[in-house]
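The next block holds one structure in the form of C-alpha cells; read it before the comments.
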Amino acid sequence: MLQFLIRRTFGAILTLFLISAVTFFMFFAIPQDPALLACGKNCTPDALAVIHQNLGLDKPVPVQFWNFLVGIFAGRDFAVGHCSAPCFGVSFSNQQNVWDTIVDRFPLTLSLSVGGLIVFLIVGLGAGLIAAKNKGTAIDKVFSSASLVLTSMQIYFLGPVVLGLFVYSTGWLDKPSWVPIGESVSGWFMGLLIPWLVMSVIFTANYTRMSRSTMIEQLQEEHVRAARAKGMSSRYVFFRYAWRGSLIPIVTILGMDLGALFGGAMVTEITFGLPGIGRLARDSVIDKDLPLTMGVMIVSAAFILLFNLIVDAMYAVIDPRVRLS
Amino acid sequence: MTTLTKTEDAPAPTDPDAFLSVRDLRVHFSTEDGLVKAVDGLSFDLERGQTLGIVGESGSGKSVTNLSILGLHNPQSSTITGEILLDGQDLTDASDKELEKLRGNKMAMIFQDALTALSPYYTVGRQIAEPYMKHTGASKKEARARAIEMLGKVGIPDPKNRVDDYPHQFSGGMRQRAMIAMSLVCNPELLIADEPTTALDVTVQAQILDLLKDLQQEFGSAIILITHDLGVVANVADDLLVMYAGRAVERGSVREVLKRPEHPYTWGLLGSMPRLASDVSEPLRPIPGSPPSLLNPPAGCAFNPRCDYVDLVGGGRCTSERPLLPAGRGSACHLEAERKQQVFIEKIQPRLG
Amino acid sequence: MTMSEKNTNTTVEDAVPPPRAAASSEPLLEVKGLTKHFPIYGGFPIKRKVGAVQAVDGVTLSVYPGESLGLVGESGCGKSTTGRLLTRLLEPTDGSITYKGQDITHAGRKQLAPIRSEIQMIFQDPYASLNPRQTVGTIISSPMEINGINPPQGREARVRELLEIVGLNPEHYNRFPHEFSGGQRQRIGVARALALEPKLIVADEPVSALDVSIQAQVVNLLQELQRDLGIAFVFIAHDLSIVRHFSERVAVMYLGKVVEVADRDSLYERPRHPYTHALLSAVPEADLDQEKRERIRLAGDVPSPIMPPSGCRFRTRCWKAREKCATEEPPLIQLSGSREGHLTACHFPEEPTTEARETDVVMDPALVAIEKELSGEE
C-alpha cells in the first residue's frame with residue numbers, strides 16, 4: 001500500500017509538470033504580446049523591448065519555461081528585485097510577487113472548499129442515509145424529489161437569490177465577506193456561511209442520491225443479511241455493516257469531485273465578489289498575466305492532487321482488501 | 001384462474017417432540033406484477049438433534065421458508081401467515097427484539113457463499129466474536145478466546161493467528177469453515193444451512209458435509225439443510241421434504257423418499273441426475289418444461305403441466321383440485337397409492353439402477 | 001504409432017491415447033505440452049513480471065472425430081483455460097495445437113478464420129454469452145454472416161431449422177434472450193454453435209448454471225447432437241457423474257496437469273491416481289449404500305497455481321506422498337495392472353478399485369479430532 005502511495009505521489013508530480021507545461025505553451029499560442037499590457041498607453045518600441053528583456057520574454061519559449069521551473073525551486077532575480085523560492089515570477093500587470101499574492105488569497109479559497117465539503121458531506125450523506133432507512137416512505141420521496149430539484153441549482157443563479165432573500169430583504173444573515181480566521185472566528189464563519197451553503201447545494205443533492213442508492217444496494221448484500229442472522233441489532237448492522245460498505249463508492253466519487261469542488265469555490269468567489277484564488281485566476285487570464293496564471297494553476301492543481309492522494313490513502317483505511325494486497 | 005374448491009393441508013396435530021414446528025406457513029410478496037406466493041401452505045416438524053433436508057429447485061420456496069423462520073424476510077413487501085413454533089414460541093408474531101435474541105443464539109444460519117456472507121471489512125475473529133458477546137455478555141477477551149476455540153474446532157490451522165485475518169485472506173473452504181464456526185459459536189439448537197456446499201469444490205464439499213455431520217453429533221443441534229442436490233441430503237439428512245412451487249410435495253425419511261419415492265416430481269428429479277453407477281447407455285429422463293411462475297401458478301396441482309401421469313388420474317382432478325400432503329410419510333399427488341407403487345416399480349426403479 | 005506397440009509401464013511421453021475404437025483414425029485436434037501461464041505484475045518502483053499463474057502446464061491430449069472427451073477437475077485445475085486454448089480463444093505460452101494436421105498454435109486471425117467455424121464453444125452462463133439487444137434470429141445467424149455462409153435454403157430458414165433441432169419453437173425467431181428460461185437460453189447457445197456445422201464443440205460447464213431437471217434436458221440434447229451429427233465434444237465440467245454420463249474418455253486435471261486419463265469404465269471403476277480416488281469418493285450420491293464406497297477426505301483446499309508444489313502437484317494433500325513425490329514429477333504413463341490406454345501420473349498408485357477400505361482415509365485434522373472424540377465417547 002505504501003508502495004502504491006509512493007507511486008501515486010510520483011504520478012502526481014509528473015501530472016503537475018505536464019499541467020504547467022501545457023499552460024505555459026498554450027499561453028504563448030495566443031497571438032498577443034503580454035508586454036503591451038505592462039507598457040501602458042504611451043508605448044514605444046524601445047520601451048517594449050526593455051520590458052521584454054525585464055520580463056525575460058526575449059528568450060525562446062522553452063528557455064523561458066526552464067527559467068520558470070528553476071525559479072520555483074531556486075528563486076530568480078528580476079529587474080524589480082530578487083524573488084526567493086518558491087518563485088512563480090512577478091505579475092506582468094502590477095509587478096507584485098505572484099507567490100505572495102497567492103499566499104494572500106489562498107486561505108479564502110481553502111476555507112470555502114473545505115467548509116463546503118464538510119457541509120455537503122454531512123447534509124448529503126445524512127439525508128441519503130435517512131432516505132435509505134425509510135425507503136419507499138414519504139420521507140424518502142420528499143428527499144429524493146428535493147435532491148432532483150436542487151441538483152439543477154447553479155451557484156450563479158442561487159447566489160443572488162439567497163442574497164436577496166436572506167441578506168437584503170430579511171437581514172437574517174450577514175453579507176458574504178472575507179475575515180481571516182485568525183482575526184475573528186465568528187466573523188470568518190458568518191462571512192462564509194452563505195457561500196458555503198450556496199456552493200454545496202448541488203453537491204448535497206448529488207451525494208444524497210448517491211448515498212441513498214449505495215446504501216440500498218448495501219442493505220441487500222448477503223453479509224448484511226448474515227449479520228442480521230447472527231442477531232446483531234438492525235441499527236448496528238445499518239451502520240457497522242451496510243454503511244461501512246457504502247463508503248467505498250462514495251470515496252471514489254469524492255475523489256473525482258474534488259476538482260469540481262475547487263471549481264465550485266472559484267465560481268462562488270466570483271458570484272459573491274470574494275477576493276480568492278478564483279477571482280485571481282479569472283483576472284489573470286483576462287490580463288494575460290502569465291506568471292499569475294501559472295502560479296494559480298500550479299498551486300490549485302497541487303492541492304487537487306494532494307486531496308486525491310488523501311482519498312487514495314482513505315481506501316486503505318476503509319478496505320482491508322486494499323491495505324493487505 | 002383460481003382454484004374454486006378450497007383445499008388446505010389438513011392441519012396435522014403438532015408433534016409433541018418437535019423442537020421446530022411449522023404449520024400452514026404462507027409467505028406472499030406483493031410485486032409490481034402481482035402477488036408472488038413464494039411459500040403457500042407449508043407444514044413440517046423437526047426434532048432436536050435431527051436433520052431435515054429440504055430439496056427443491058430455484059423458485060421452490062425453500063430459501064424463503066428459512067429466511068422467514070429467522071424473521072429475515074422484508075416485512076414491507078411480504079406477508080407471513082401460519083405458525084412457526086420454535087420450542088413452543090411462535091416466531092411469526094415475535095417482536096424484533098425477541099427475534100434478535102434468538103438469532104445467532106438459539107437458531108443460526110449458514111449461508112451458501114461465505115465470500116459474500118462474511119463482511120470484507122472486519123476480521124474473521126471479530127465476526128465470530130460479535131454474536132457471542134451479544135448473546136452471552138462475554139468480554140472482548142473471552143469472545144476472542146471463544147473464536148479461536150471455534151476456528152480450531154472447524155479445522156482452521158493455526159487459529160491463534162488466523163483469527164485476525166480478513167475473509168479474503170482465507171481460501172474458499174476455510175471461509176466456509178469460518179462461517180460454520182460463526183453459526184455455532186453460541187451452541188444453537190437449530191441450525192439452518194442454505195446450500196452450504198454449493199459454492200465449493202467436490203472434495204471440499206465432502207469435508208464440509210462430514211464436518212457438519214460430526215459437529216451436529218457433538219453440539220446436538222437440529223439442522224435444516226436446504227439444497228438442490230439429492231446426493232447431499234442422502235449423505236446428511238434424516239428426513240426429507242421435497243418442495244415444488246412453494247409447497248411440499250413429498251415427505252418422509254431419507255430412505256423412504258430415495259428408495260420408494262411417490263411423487264412424479266421426485267421421480268423426475270431422481271431420473272434427471274446421472275449417478276456414478278448408472279447405465280450410461282440409458283439417456284437421462286429430464287422433467288419436461290420448466291418450473292412454473294409463482295405469479296400465476298397452474299391451477300390444481302402445480303406440477304400438472306410437466307407431469308407424465310395426469311392421464312392416470314380420472315376426472316381432470318390434476319388441473320382442478322390441489323392434492324393434499326398427508327401428515328407423516330406421503331406425497332401430494334392424486335395418484336392412488338397402489339398406482340404410485342406400480343408406476344414406480346415398473347417405470348422408474350429400473351432406470352435408477 | 002499405435003497403442004498395441006507399447007508395453008505396459010513405459011513412458012508414453014504424457015500422451016493421451018486414442019480410444020480403442022478410434023485407434024486407427026487420425027486425431028481431429030491434438031495438443032502437445034500445452035502450457036498457459038498468465039503473468040503477474042508487481043514490484044517496486046517499476047512494475048515488472050513477478051510471477052505467473054500456471055493455469056495449464058504441459059497438457060497433452062487428442063480429440064478424435066465424433067468422440068466425446070471429458071475434462072474434470074476442481075477450481076484452479078485449468079480445465080476452462082484448456083478449453084479456451086483448444087478453441088484458440090487464448091494463445092498458448094508453450095506447446096503446440098494441431099487441427100487436422102495443421103499447426104494452429106500461433107496462427108493469426110486470417111489463418112484461424114476457416115478453423116474457427118469448425119471449432120465452436122458453448123459457455124457456462126447462457127445469459128452472459130448472448131447479446132441482450134439482439135433477437136434470437138440475429139444471434140444464431142450472425143456466425144453465418146461473419147463467415148459469409150449462405151445456406152441453399154437461406155439463412156432465416158436455416159436458423160428456424162436449427163431452432164427446431166435444439167428443441168425450440170422456430171416461431172420464436174424474433175424474440176430476445178430475456179424472454180427465455182435458463183435452459184432455453186442454453187439451447188440458443190447450442191443453436192449458435194451449430195450454425196457453422198462444426199466438427200468439434202468445446203462445452204465449458206454447459207449445464208452447471210441450470211436447475212437439476214433442466215440439466216438433463218440439455219445433456220440429452222448435446223448427446224443427441226454428438227450421435228446424430230457426429231460432432232466431437234470436449235465436455236468440461238466439475239460434476240463427475242455428468243461427465244461420466246456424457247464422455248467416452250475422461251481426463252482428470254489437477255493444478256494445470258492431467259493426472260489421469262482413461263476410458264470411462266476404467267477411470268470410474270479402476271482409478272489409480274489417489275486424486276481420482278478422492279474425487280470419486282467425494283461425489284455425493286443419492287444412494288444409501290454409501291458404506292460400500294471408500295471414504296477419502298482430503299485436508300484443506302487446492303493450493304494456488306501461482307506457486308504449485310514441486311514434483312507431484314497433488315503431494316501436499318496426498319496420503320501416500322513420500323520424498324520422491326516432492327523431487328520427481330511423475331510421468332503420465334500406463335501402469336502395470338491398468339488397462340490399455342489408462343494413463344496415470346503417480347509414483348505410488350492406488351489399487352484399481354473404489355470399494356470401501358478397512359480404514360477410511362481421513363486427512364482433515366478437524367474431522368480426525370471430532371471423530372476420535374465421538375468414537376471415544378461411545
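Labeling convention for the C-alpha cells: chains A, B, ... as they appear, residues from 1 per chain, ligands from 1 in order of appearance.
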
- Query: Please, which residues of chain A lie no more than 10 Å from chain C when the count uses only C-alpha atoms, and can they be set out as a PyMOL selection string?
  - Reply: chain A and resi 3-4+6-7

Can you write just those residues out, N, CA and C atoms, as a tab-separated table (two decimals), in the first residue's frame?
```tsv
chain	number	residue	atom	x	y	z
A	3	GLN	N	3.83	1.42	-1.10
A	3	GLN	CA	4.40	1.48	-2.45
A	3	GLN	C	3.42	2.16	-3.41
A	4	PHE	N	2.17	1.79	-3.26
A	4	PHE	CA	1.14	2.36	-4.11
A	4	PHE	C	1.09	3.88	-3.94
A	6	ILE	N	3.46	5.86	-2.82
A	6	ILE	CA	4.67	6.49	-3.35
A	6	ILE	C	4.56	6.61	-4.86
A	7	ARG	N	4.06	5.53	-5.48
A	7	ARG	CA	3.90	5.54	-6.93
A	7	ARG	C	2.93	6.66	-7.35
```

- Item | region 202-207 of chain C surroundings by only C-alpha atoms, 7 Å radius, close-in-sequence under 4 positions cut, as a list in words |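 The neighbour list is Ser80, Gly83, Gln120, Met121, Ile122, Phe123, Gln124, Gln215, Val218, Phe233, Val234, Phe235, Ile236 and Ala237 of chain C.
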
Go ahead and dump the residues you just picked, N, CA, C and O atoms, as a short mmCIF file (atom, residue, chain, number, x, y, z; two decimals), in the first residue's frame.
```cif
data_model
loop_
_atom_site.label_atom_id
_atom_site.label_comp_id
_atom_site.auth_asym_id
_atom_site.auth_seq_id
_atom_site.Cartn_x
_atom_site.Cartn_y
_atom_site.Cartn_z
N SER C 80 -10.94 -25.02 -17.69
CA SER C 80 -11.55 -23.99 -18.54
C SER C 80 -10.50 -23.32 -19.43
O SER C 80 -10.76 -23.05 -20.60
N GLY C 83 -9.85 -25.44 -22.28
CA GLY C 83 -10.91 -25.30 -23.27
C GLY C 83 -10.70 -24.08 -24.15
O GLY C 83 -10.86 -24.15 -25.37
N GLN C 120 -16.33 -24.85 -32.24
CA GLN C 120 -17.23 -23.91 -31.59
C GLN C 120 -17.19 -24.11 -30.08
O GLN C 120 -16.71 -25.12 -29.58
N MET C 121 -17.73 -23.13 -29.38
CA MET C 121 -17.69 -23.21 -27.93
C MET C 121 -19.08 -22.95 -27.34
O MET C 121 -19.82 -22.12 -27.87
N ILE C 122 -19.42 -23.65 -26.29
CA ILE C 122 -20.65 -23.38 -25.53
C ILE C 122 -20.21 -22.98 -24.13
O ILE C 122 -19.35 -23.64 -23.54
N PHE C 123 -20.82 -21.91 -23.63
CA PHE C 123 -20.35 -21.37 -22.36
C PHE C 123 -21.26 -21.74 -21.19
O PHE C 123 -22.40 -22.16 -21.38
N GLN C 124 -20.73 -21.48 -19.99
CA GLN C 124 -21.48 -21.84 -18.79
C GLN C 124 -22.73 -20.99 -18.61
O GLN C 124 -23.81 -21.51 -18.38
N GLN C 215 -30.94 -29.47 -16.41
CA GLN C 215 -29.63 -30.01 -16.79
C GLN C 215 -29.77 -31.23 -17.68
O GLN C 215 -29.13 -31.33 -18.72
N VAL C 218 -30.61 -30.52 -21.31
CA VAL C 218 -29.51 -30.03 -22.14
C VAL C 218 -28.48 -31.14 -22.39
O VAL C 218 -27.98 -31.28 -23.51
N PHE C 233 -16.90 -33.76 -29.05
CA PHE C 233 -17.11 -32.86 -27.93
C PHE C 233 -15.94 -32.91 -26.96
O PHE C 233 -15.41 -33.98 -26.67
N VAL C 234 -15.56 -31.74 -26.48
CA VAL C 234 -14.74 -31.71 -25.27
C VAL C 234 -15.67 -31.15 -24.20
O VAL C 234 -16.14 -30.03 -24.29
N PHE C 235 -16.00 -32.00 -23.23
CA PHE C 235 -17.01 -31.66 -22.25
C PHE C 235 -16.31 -31.35 -20.93
O PHE C 235 -15.73 -32.22 -20.30
N ILE C 236 -16.33 -30.07 -20.57
CA ILE C 236 -15.62 -29.64 -19.37
C ILE C 236 -16.62 -29.47 -18.24
O ILE C 236 -17.60 -28.74 -18.39
N ALA C 237 -16.41 -30.13 -17.12
CA ALA C 237 -17.35 -29.99 -16.01
C ALA C 237 -16.69 -30.40 -14.71
O ALA C 237 -15.66 -31.08 -14.70
#
```

Give me the residues of chain C that have any atom at most 7 Å from an atom of chain B; for each, the nearest atom pair and the distance in Å, rounded to one decimal. Use only C-alpha atoms, sort by chain and number, and format it as a tab-separated table.
```
residue	atom	partner	partner_atom	distance
C:Glu74	CA	B:Asp201	CA	5.7
C:Ser75	CA	B:Asp201	CA	6.7
C:Asp211	CA	B:Glu57	CA	6.0
C:Val212	CA	B:Ser272	CA	6.7
C:Ser213	CA	B:Ile287	CA	5.5
C:Ile214	CA	B:Pro286	CA	6.7
C:Ala216	CA	B:Pro286	CA	5.0
C:Gln217	CA	B:Pro286	CA	5.4
C:Asn220	CA	B:Leu284	CA	6.6
C:Ser241	CA	B:Leu276	CA	5.2
C:Ile242	CA	B:Pro274	CA	6.0
C:His245	CA	B:Val280	CA	5.3
C:Ala278	CA	B:Thr203	CA	6.9
C:Leu279	CA	B:Thr203	CA	5.9
C:Ala282	CA	B:Ala206	CA	5.2
C:Val283	CA	B:Val202	CA	6.4
C:Pro284	CA	B:Gly231	CA	4.5
C:Glu285	CA	B:Gly231	CA	4.2
C:Ala286	CA	B:Gly231	CA	3.9
C:Asp287	CA	B:Ala234	CA	6.5
C:Leu288	CA	B:Ala234	CA	6.5
C:Arg297	CA	B:Gln207	CA	5.8
C:Leu298	CA	B:Thr203	CA	6.8
C:Gly300	CA	B:Gly173	CA	6.9
C:Asp301	CA	B:Gly173	CA	6.1
C:Pro365	CA	B:Gly155	CA	6.2
C:Ala366	CA	B:Gly155	CA	4.3
C:Leu367	CA	B:Leu211	CA	6.0
C:Ile370	CA	B:Asp214	CA	6.6
C:Glu371	CA	B:Asp214	CA	6.9
```

- Tell me, as an MDAnalysis selection string, which residues lie within 6 Å of Ser91 (chain A), counting only C-alpha atoms; anything in the same chain fewer than 5 positions away does not count. chainID A and resid 96 98 291:292

Residues of chain A that have any atom at most 12 Å from an atom of chain B: could you tabulate them with the shortest-distance atom pair and the distance in Å to one decimal, using only C-alpha atoms, ordered by chain and increasing number, as CSV?
```
residue,atom,partner,partner_atom,distance
A:Asn134,CA,B:Gln76,CA,10.7
A:Lys135,CA,B:Gln76,CA,9.8
A:Gly136,CA,B:Gln76,CA,9.3
A:Thr137,CA,B:Gln76,CA,10.5
A:Gln218,CA,B:Ser119,CA,11.0
A:Leu219,CA,B:Asn74,CA,11.2
A:Gln220,CA,B:Asn74,CA,10.2
A:Glu221,CA,B:Thr116,CA,7.5
A:Glu222,CA,B:Ala117,CA,4.8
A:His223,CA,B:Ala117,CA,3.9
A:Val224,CA,B:Ala117,CA,7.5
A:Arg225,CA,B:Leu72,CA,7.4
A:Ala226,CA,B:Ala117,CA,5.7
A:Ala227,CA,B:Leu118,CA,8.2
A:Arg228,CA,B:Leu72,CA,7.5
A:Ala229,CA,B:Arg103,CA,5.7
A:Lys230,CA,B:Gly104,CA,3.7
A:Gly231,CA,B:Arg103,CA,4.4
A:Met232,CA,B:Glu100,CA,6.6
A:Ser233,CA,B:Glu100,CA,6.5
A:Ser234,CA,B:Glu100,CA,8.8
A:Arg235,CA,B:Glu100,CA,11.6
A:Tyr236,CA,B:Glu130,CA,10.9
A:Val237,CA,B:Ser119,CA,10.8
A:Arg240,CA,B:Tyr121,CA,9.3
A:Tyr241,CA,B:Ser119,CA,7.1
A:Ala242,CA,B:Ser119,CA,9.4
A:Trp243,CA,B:Tyr121,CA,11.0
A:Arg244,CA,B:Tyr121,CA,7.6
A:Gly245,CA,B:Tyr121,CA,7.8
A:Ser246,CA,B:Tyr121,CA,11.4
A:Leu247,CA,B:Tyr121,CA,11.1
A:Ile248,CA,B:Tyr121,CA,10.9
A:Tyr315,CA,B:Tyr121,CA,11.5
A:Ala316,CA,B:Tyr121,CA,10.9
A:Val317,CA,B:Tyr121,CA,10.0
A:Ile318,CA,B:Tyr121,CA,7.5
A:Asp319,CA,B:Tyr121,CA,6.0
A:Pro320,CA,B:Tyr121,CA,6.1
A:Arg321,CA,B:His168,CA,7.0
A:Val322,CA,B:Tyr121,CA,10.5
A:Arg323,CA,B:Tyr121,CA,10.8
A:Leu324,CA,B:Gln169,CA,8.8
A:Ser325,CA,B:Gln169,CA,9.5
```

- Message: Here is a test: counting only C-alpha atoms, which residue of C:Lys49, C:Lys292, C:His277, C:Arg158 is nearest to His37 (chain C)?
- Response: C:Lys49

- Query: What lies within 12 Å of region 149-153 of chain A using only C-alpha atoms, ignoring chain neighbours under 5 positions off, as JSON, numbers by chain?
  - Reply: {"A": [124, 142, 143, 144, 158, 159, 160, 161, 162, 197, 198, 199, 200, 201, 202, 203, 204, 205, 206, 207, 208, 209]}

Given the selection you just returned, output its residues as a file containing N, CA and C atoms, formatted as a PDB file, in the first residue's frame.
```
ATOM      1  N   GLY A 124     -25.550  15.873   2.872  1.00  0.00           N
ATOM      2  CA  GLY A 124     -25.865  14.962   1.770  1.00  0.00           C
ATOM      3  C   GLY A 124     -25.870  13.517   2.214  1.00  0.00           C
ATOM      4  N   VAL A 142     -39.829  12.751  -0.394  1.00  0.00           N
ATOM      5  CA  VAL A 142     -39.525  14.180  -0.276  1.00  0.00           C
ATOM      6  C   VAL A 142     -38.031  14.415  -0.524  1.00  0.00           C
ATOM      7  N   PHE A 143     -37.190  13.606   0.136  1.00  0.00           N
ATOM      8  CA  PHE A 143     -35.743  13.774  -0.024  1.00  0.00           C
ATOM      9  C   PHE A 143     -35.327  13.561  -1.469  1.00  0.00           C
ATOM     10  N   SER A 144     -35.892  12.533  -2.087  1.00  0.00           N
ATOM     11  CA  SER A 144     -35.480  12.214  -3.446  1.00  0.00           C
ATOM     12  C   SER A 144     -35.894  13.314  -4.415  1.00  0.00           C
ATOM     13  N   LEU A 158     -28.397  30.687  -7.825  1.00  0.00           N
ATOM     14  CA  LEU A 158     -28.837  30.575  -6.446  1.00  0.00           C
ATOM     15  C   LEU A 158     -28.239  31.695  -5.585  1.00  0.00           C
ATOM     16  N   GLY A 159     -26.983  32.073  -5.893  1.00  0.00           N
ATOM     17  CA  GLY A 159     -26.280  33.074  -5.099  1.00  0.00           C
ATOM     18  C   GLY A 159     -27.084  34.368  -4.941  1.00  0.00           C
ATOM     19  N   PRO A 160     -27.392  35.025  -6.060  1.00  0.00           N
ATOM     20  CA  PRO A 160     -28.158  36.270  -5.944  1.00  0.00           C
ATOM     21  C   PRO A 160     -29.520  36.086  -5.271  1.00  0.00           C
ATOM     22  N   VAL A 161     -30.174  34.953  -5.531  1.00  0.00           N
ATOM     23  CA  VAL A 161     -31.480  34.706  -4.917  1.00  0.00           C
ATOM     24  C   VAL A 161     -31.350  34.677  -3.399  1.00  0.00           C
ATOM     25  N   VAL A 162     -30.360  33.914  -2.923  1.00  0.00           N
ATOM     26  CA  VAL A 162     -30.155  33.797  -1.473  1.00  0.00           C
ATOM     27  C   VAL A 162     -29.788  35.149  -0.871  1.00  0.00           C
ATOM     28  N   LEU A 197     -23.174  27.435   1.988  1.00  0.00           N
ATOM     29  CA  LEU A 197     -24.471  26.796   1.727  1.00  0.00           C
ATOM     30  C   LEU A 197     -24.767  26.786   0.235  1.00  0.00           C
ATOM     31  N   VAL A 198     -24.528  27.921  -0.406  1.00  0.00           N
ATOM     32  CA  VAL A 198     -24.883  28.024  -1.822  1.00  0.00           C
ATOM     33  C   VAL A 198     -24.037  27.073  -2.665  1.00  0.00           C
ATOM     34  N   MET A 199     -22.716  27.068  -2.382  1.00  0.00           N
ATOM     35  CA  MET A 199     -21.872  26.233  -3.248  1.00  0.00           C
ATOM     36  C   MET A 199     -22.077  24.743  -3.006  1.00  0.00           C
ATOM     37  N   SER A 200     -22.593  24.371  -1.840  1.00  0.00           N
ATOM     38  CA  SER A 200     -22.704  22.941  -1.567  1.00  0.00           C
ATOM     39  C   SER A 200     -24.071  22.369  -1.962  1.00  0.00           C
ATOM     40  N   VAL A 201     -24.980  23.237  -2.455  1.00  0.00           N
ATOM     41  CA  VAL A 201     -26.329  22.731  -2.750  1.00  0.00           C
ATOM     42  C   VAL A 201     -26.317  21.612  -3.778  1.00  0.00           C
ATOM     43  N   ILE A 202     -25.639  21.821  -4.897  1.00  0.00           N
ATOM     44  CA  ILE A 202     -25.643  20.797  -5.951  1.00  0.00           C
ATOM     45  C   ILE A 202     -24.969  19.533  -5.453  1.00  0.00           C
ATOM     46  N   PHE A 203     -23.832  19.728  -4.754  1.00  0.00           N
ATOM     47  CA  PHE A 203     -23.132  18.546  -4.222  1.00  0.00           C
ATOM     48  C   PHE A 203     -24.013  17.803  -3.229  1.00  0.00           C
ATOM     49  N   THR A 204     -24.673  18.568  -2.337  1.00  0.00           N
ATOM     50  CA  THR A 204     -25.539  17.927  -1.344  1.00  0.00           C
ATOM     51  C   THR A 204     -26.586  17.072  -2.040  1.00  0.00           C
ATOM     52  N   ALA A 205     -27.209  17.654  -3.067  1.00  0.00           N
ATOM     53  CA  ALA A 205     -28.248  16.914  -3.792  1.00  0.00           C
ATOM     54  C   ALA A 205     -27.666  15.639  -4.395  1.00  0.00           C
ATOM     55  N   ASN A 206     -26.507  15.753  -5.035  1.00  0.00           N
ATOM     56  CA  ASN A 206     -25.914  14.565  -5.662  1.00  0.00           C
ATOM     57  C   ASN A 206     -25.520  13.518  -4.634  1.00  0.00           C
ATOM     58  N   TYR A 207     -24.940  13.977  -3.522  1.00  0.00           N
ATOM     59  CA  TYR A 207     -24.492  12.997  -2.518  1.00  0.00           C
ATOM     60  C   TYR A 207     -25.663  12.380  -1.773  1.00  0.00           C
ATOM     61  N   THR A 208     -26.775  13.086  -1.685  1.00  0.00           N
ATOM     62  CA  THR A 208     -27.977  12.473  -1.104  1.00  0.00           C
ATOM     63  C   THR A 208     -28.410  11.292  -1.965  1.00  0.00           C
ATOM     64  N   ARG A 209     -28.485  11.544  -3.262  1.00  0.00           N
ATOM     65  CA  ARG A 209     -28.935  10.476  -4.152  1.00  0.00           C
ATOM     66  C   ARG A 209     -27.965   9.305  -4.145  1.00  0.00           C
TER      67      ARG A 209
END
```

- Task: From a DSSP pass on the backbone, collect the residues of region 83-198 of chain B flagged as helix (DSSP H, G or I) and hand them back as number ranges by chain.
- Result: B: 96-102, 114-117, 124-136, 140-153, 159-162, 167-169, 172-184

- Message: Env of Gly61 (chain B): 7 Å cut, atoms = only C-alpha atoms, seq-sep filter 6 positions within chain, self excluded. Answer as a list of chain:residue names.
- Response: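 Those residues are B:Ala38, B:Val39, B:Ala245, B:Gly246.
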
Please produce a file of the residues just selected, as a short mmCIF file (atom, residue, chain, number, x, y, z; two decimals), in the first residue's frame, where the atoms kept are N, CA and C atoms.
```
data_model
loop_
_atom_site.label_atom_id
_atom_site.label_comp_id
_atom_site.auth_asym_id
_atom_site.auth_seq_id
_atom_site.Cartn_x
_atom_site.Cartn_y
_atom_site.Cartn_z
N ALA B 38 -44.57 -17.24 -2.66
CA ALA B 38 -43.28 -17.92 -2.59
C ALA B 38 -43.38 -19.20 -1.77
N VAL B 39 -44.12 -19.13 -0.67
CA VAL B 39 -44.41 -20.32 0.12
C VAL B 39 -45.91 -20.32 0.34
N ALA B 245 -42.74 -25.32 -6.32
CA ALA B 245 -43.61 -24.15 -6.47
C ALA B 245 -44.24 -23.70 -5.15
N GLY B 246 -43.43 -23.62 -4.10
CA GLY B 246 -43.91 -23.06 -2.85
C GLY B 246 -44.62 -24.03 -1.93
#
```

- Task: Have a look at C:Pro198, C:Pro27, C:Gln186, C:Leu240 and name the one nearest to Ser129 (chain C); count only C-alpha atoms.
- Result: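 Between C:Pro198, C:Pro27, C:Gln186, C:Leu240, the residue approaching Ser129 (chain C) most closely is C:Gln186.
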